[in-house]
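> Below are the structure tokens for one structure; questions will follow.
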Amino acid sequence: MHPPDRIIRLKTVLARTGLSRSTIYRKIAEGTFPAQIKISANGAGWYESDIDRWIADPAGWRATNDNDEPSAKTTRHVPR
């Protein structure tokens, strides 16, 4: 049995990847970095395994999995 996948926050992602905040969000928009998942009304994080896979092959990583959710930045609220 695999241990549960931890959710890590932006501060940890910044430290582990060495990327800036703006670079991370630009790469998410390009589809070359894992999108974050919503964990509360105002919070988001990343699955640690997604970040580990990106670190293992940053140039070859592409958002092609059906599991990838759109980033909170790209989700739009449409008023009624």
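By order of appearance in the structure tokens: chains A, B, ..., then residues from 1 within every chain, and ligands from 1 in the order shown.
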Near Ala44 (chain A), within 10 Å and counting only C-alpha atoms, which residues show up once chain neighbours fewer than 3 positions away are dropped, as a list in words?

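What passes the distance filter is Ile7, Ile8, Arg9, Leu10, Ala35, Gln36, Ile37, Lys38, Ile39, Ser40, Ala41, Ser71 and Ala72 of chain A.
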
> Include N, CA and C atoms and write out the residues we just selected as a PDB file, in the first residue's frame.


```
ATOM      1  N   ILE A   7      -0.082  17.110   0.312  1.00  0.00           N
ATOM      2  CA  ILE A   7      -0.317  18.354  -0.403  1.00  0.00           C
ATOM      3  C   ILE A   7       0.639  19.385   0.175  1.00  0.00           C
ATOM      4  N   ILE A   8       1.398  20.019  -0.714  1.00  0.00           N
ATOM      5  CA  ILE A   8       2.363  21.011  -0.267  1.00  0.00           C
ATOM      6  C   ILE A   8       1.948  22.392  -0.769  1.00  0.00           C
ATOM      7  N   ARG A   9       2.316  23.401  -0.016  1.00  0.00           N
ATOM      8  CA  ARG A   9       1.925  24.774  -0.327  1.00  0.00           C
ATOM      9  C   ARG A   9       3.007  25.474  -1.142  1.00  0.00           C
ATOM     10  N   LEU A  10       2.682  26.679  -1.608  1.00  0.00           N
ATOM     11  CA  LEU A  10       3.555  27.436  -2.504  1.00  0.00           C
ATOM     12  C   LEU A  10       4.957  27.632  -1.940  1.00  0.00           C
ATOM     13  N   ALA A  35      -0.523  21.983 -12.217  1.00  0.00           N
ATOM     14  CA  ALA A  35      -1.476  22.961 -11.689  1.00  0.00           C
ATOM     15  C   ALA A  35      -1.770  22.649 -10.228  1.00  0.00           C
ATOM     16  N   GLN A  36      -2.048  23.679  -9.475  1.00  0.00           N
ATOM     17  CA  GLN A  36      -2.390  23.481  -8.079  1.00  0.00           C
ATOM     18  C   GLN A  36      -3.830  23.008  -7.956  1.00  0.00           C
ATOM     19  N   ILE A  37      -4.127  22.469  -6.776  1.00  0.00           N
ATOM     20  CA  ILE A  37      -5.485  22.020  -6.488  1.00  0.00           C
ATOM     21  C   ILE A  37      -6.050  22.890  -5.374  1.00  0.00           C
ATOM     22  N   LYS A  38      -7.336  23.105  -5.419  1.00  0.00           N
ATOM     23  CA  LYS A  38      -7.984  23.918  -4.400  1.00  0.00           C
ATOM     24  C   LYS A  38      -8.169  23.064  -3.146  1.00  0.00           C
ATOM     25  N   ILE A  39      -7.719  23.584  -1.993  1.00  0.00           N
ATOM     26  CA  ILE A  39      -7.841  22.829  -0.748  1.00  0.00           C
ATOM     27  C   ILE A  39      -8.758  23.510   0.262  1.00  0.00           C
ATOM     28  N   SER A  40      -9.115  24.759  -0.005  1.00  0.00           N
ATOM     29  CA  SER A  40     -10.081  25.474   0.828  1.00  0.00           C
ATOM     30  C   SER A  40     -10.604  26.654   0.018  1.00  0.00           C
ATOM     31  N   ALA A  41     -11.447  27.453   0.624  1.00  0.00           N
ATOM     32  CA  ALA A  41     -12.015  28.597  -0.096  1.00  0.00           C
ATOM     33  C   ALA A  41     -10.932  29.542  -0.607  1.00  0.00           C
ATOM     34  N   SER A  71      -5.770  25.394 -12.935  1.00  0.00           N
ATOM     35  CA  SER A  71      -5.313  26.173 -11.797  1.00  0.00           C
ATOM     36  C   SER A  71      -6.425  27.106 -11.327  1.00  0.00           C
ATOM     37  N   ALA A  72      -6.316  27.516 -10.085  1.00  0.00           N
ATOM     38  CA  ALA A  72      -7.298  28.444  -9.537  1.00  0.00           C
ATOM     39  C   ALA A  72      -7.259  29.768 -10.299  1.00  0.00           C
TER      40      ALA A  72
END
```

> Please provide the set of residues having any atom within 9 Å of Gly31 (chain A), restricted to only C-alpha atoms, with same-chain residues fewer than 4 positions apart removed, written as a PDB file with N, CA, C and O atoms, in the first residue's frame.


```
ATOM      1  N   ARG A  26       3.350  31.220 -14.609  1.00  0.00           N
ATOM      2  CA  ARG A  26       3.485  31.287 -16.076  1.00  0.00           C
ATOM      3  C   ARG A  26       3.578  29.887 -16.655  1.00  0.00           C
ATOM      4  O   ARG A  26       2.925  29.565 -17.641  1.00  0.00           O
ATOM      5  N   LYS A  27       4.379  29.016 -16.017  1.00  0.00           N
ATOM      6  CA  LYS A  27       4.528  27.643 -16.495  1.00  0.00           C
ATOM      7  C   LYS A  27       3.213  26.864 -16.374  1.00  0.00           C
ATOM      8  O   LYS A  27       2.906  26.039 -17.227  1.00  0.00           O
ATOM      9  N   ALA A  35      -0.523  21.983 -12.217  1.00  0.00           N
ATOM     10  CA  ALA A  35      -1.476  22.961 -11.689  1.00  0.00           C
ATOM     11  C   ALA A  35      -1.770  22.649 -10.228  1.00  0.00           C
ATOM     12  O   ALA A  35      -1.735  21.494  -9.806  1.00  0.00           O
ATOM     13  N   TRP A  61       8.306  17.508 -18.776  1.00  0.00           N
ATOM     14  CA  TRP A  61       7.001  17.424 -18.127  1.00  0.00           C
ATOM     15  C   TRP A  61       5.967  18.191 -18.926  1.00  0.00           C
ATOM     16  O   TRP A  61       6.168  19.310 -19.360  1.00  0.00           O
ATOM     17  N   ARG A  62       4.830  17.569 -19.137  1.00  0.00           N
ATOM     18  CA  ARG A  62       3.702  18.216 -19.812  1.00  0.00           C
ATOM     19  C   ARG A  62       2.419  17.839 -19.091  1.00  0.00           C
ATOM     20  O   ARG A  62       2.273  16.710 -18.638  1.00  0.00           O
ATOM     21  N   ALA A  63       1.479  18.752 -19.021  1.00  0.00           N
ATOM     22  CA  ALA A  63       0.183  18.498 -18.379  1.00  0.00           C
ATOM     23  C   ALA A  63      -0.700  17.725 -19.340  1.00  0.00           C
ATOM     24  O   ALA A  63      -1.494  18.288 -20.057  1.00  0.00           O
ATOM     25  N   THR A  64      -0.533  16.398 -19.354  1.00  0.00           N
ATOM     26  CA  THR A  64      -1.300  15.577 -20.271  1.00  0.00           C
ATOM     27  C   THR A  64      -2.221  14.611 -19.552  1.00  0.00           C
ATOM     28  O   THR A  64      -3.018  13.952 -20.192  1.00  0.00           O
TER      29      THR A  64
END
```

> May I ask for the distance between CA of Trp54 (chain A) and CA of Asn42 (chain A), given in Å to one decimal place?

24.8 Å

> Could you check which of A:Gly60, A:Ser20, A:Val13, A:Trp46 is closest to Thr32 (chain A), using only C-alpha atoms?

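So, comparing all the options, the nearest one is A:Gly60.
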
> Ile51 (chain A): which residues within 9 Å, counting only C-alpha atoms, same-chain residues fewer than 6 positions away excluded, as a list in words?

Val13, Arg16, Thr17, Phe33 and Pro34 of chain A

> Save out the residues we just selected, N, CA, C and O atoms, as a short mmCIF file (atom, residue, chain, number, x, y, z; two decimals), in the first residue's frame.


```cif
data_model
loop_
_atom_site.label_atom_id
_atom_site.label_comp_id
_atom_site.auth_asym_id
_atom_site.auth_seq_id
_atom_site.Cartn_x
_atom_site.Cartn_y
_atom_site.Cartn_z
N VAL A 13 6.92 24.58 -2.56
CA VAL A 13 7.16 24.40 -4.00
C VAL A 13 8.26 25.34 -4.46
O VAL A 13 9.17 24.94 -5.21
N ARG A 16 11.59 23.93 -3.19
CA ARG A 16 12.00 22.67 -3.83
C ARG A 16 12.39 22.85 -5.28
O ARG A 16 13.26 22.14 -5.78
N THR A 17 11.73 23.77 -6.00
CA THR A 17 11.99 23.91 -7.43
C THR A 17 13.03 24.98 -7.75
O THR A 17 13.66 24.92 -8.80
N PHE A 33 4.01 22.97 -16.06
CA PHE A 33 4.19 22.80 -14.62
C PHE A 33 2.86 22.31 -14.06
O PHE A 33 1.80 22.73 -14.55
N PRO A 34 2.89 21.44 -13.06
CA PRO A 34 1.64 20.94 -12.49
C PRO A 34 0.76 22.06 -11.94
O PRO A 34 1.25 22.97 -11.28
#
```

> In Å, how far is it from CA of Ala15 (chain A) to CA of Glu30 (chain A)?

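For CA of Ala15 (chain A) relative to CA of Glu30 (chain A), the distance reads 21.1 Å.
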
> Taking the DSSP assignment computed from this structure's backbone, write out as a PyMOL selection string all residues of region 1-58 of chain A that belong to strand (DSSP E).

chain A and resi 7-8+37-38+44-47

> Interatomic distance between CA of Tyr47 (chain A) and CA of Thr12 (chain A)?

11.3 Å

> Between A:Leu19, A:Arg6, A:Ile24, A:Ala29, which one has atoms that come closest to Ser49 (chain A), using only C-alpha atoms?

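Using only C-alpha atoms, Ser49 (chain A) sits closest to A:Arg6.
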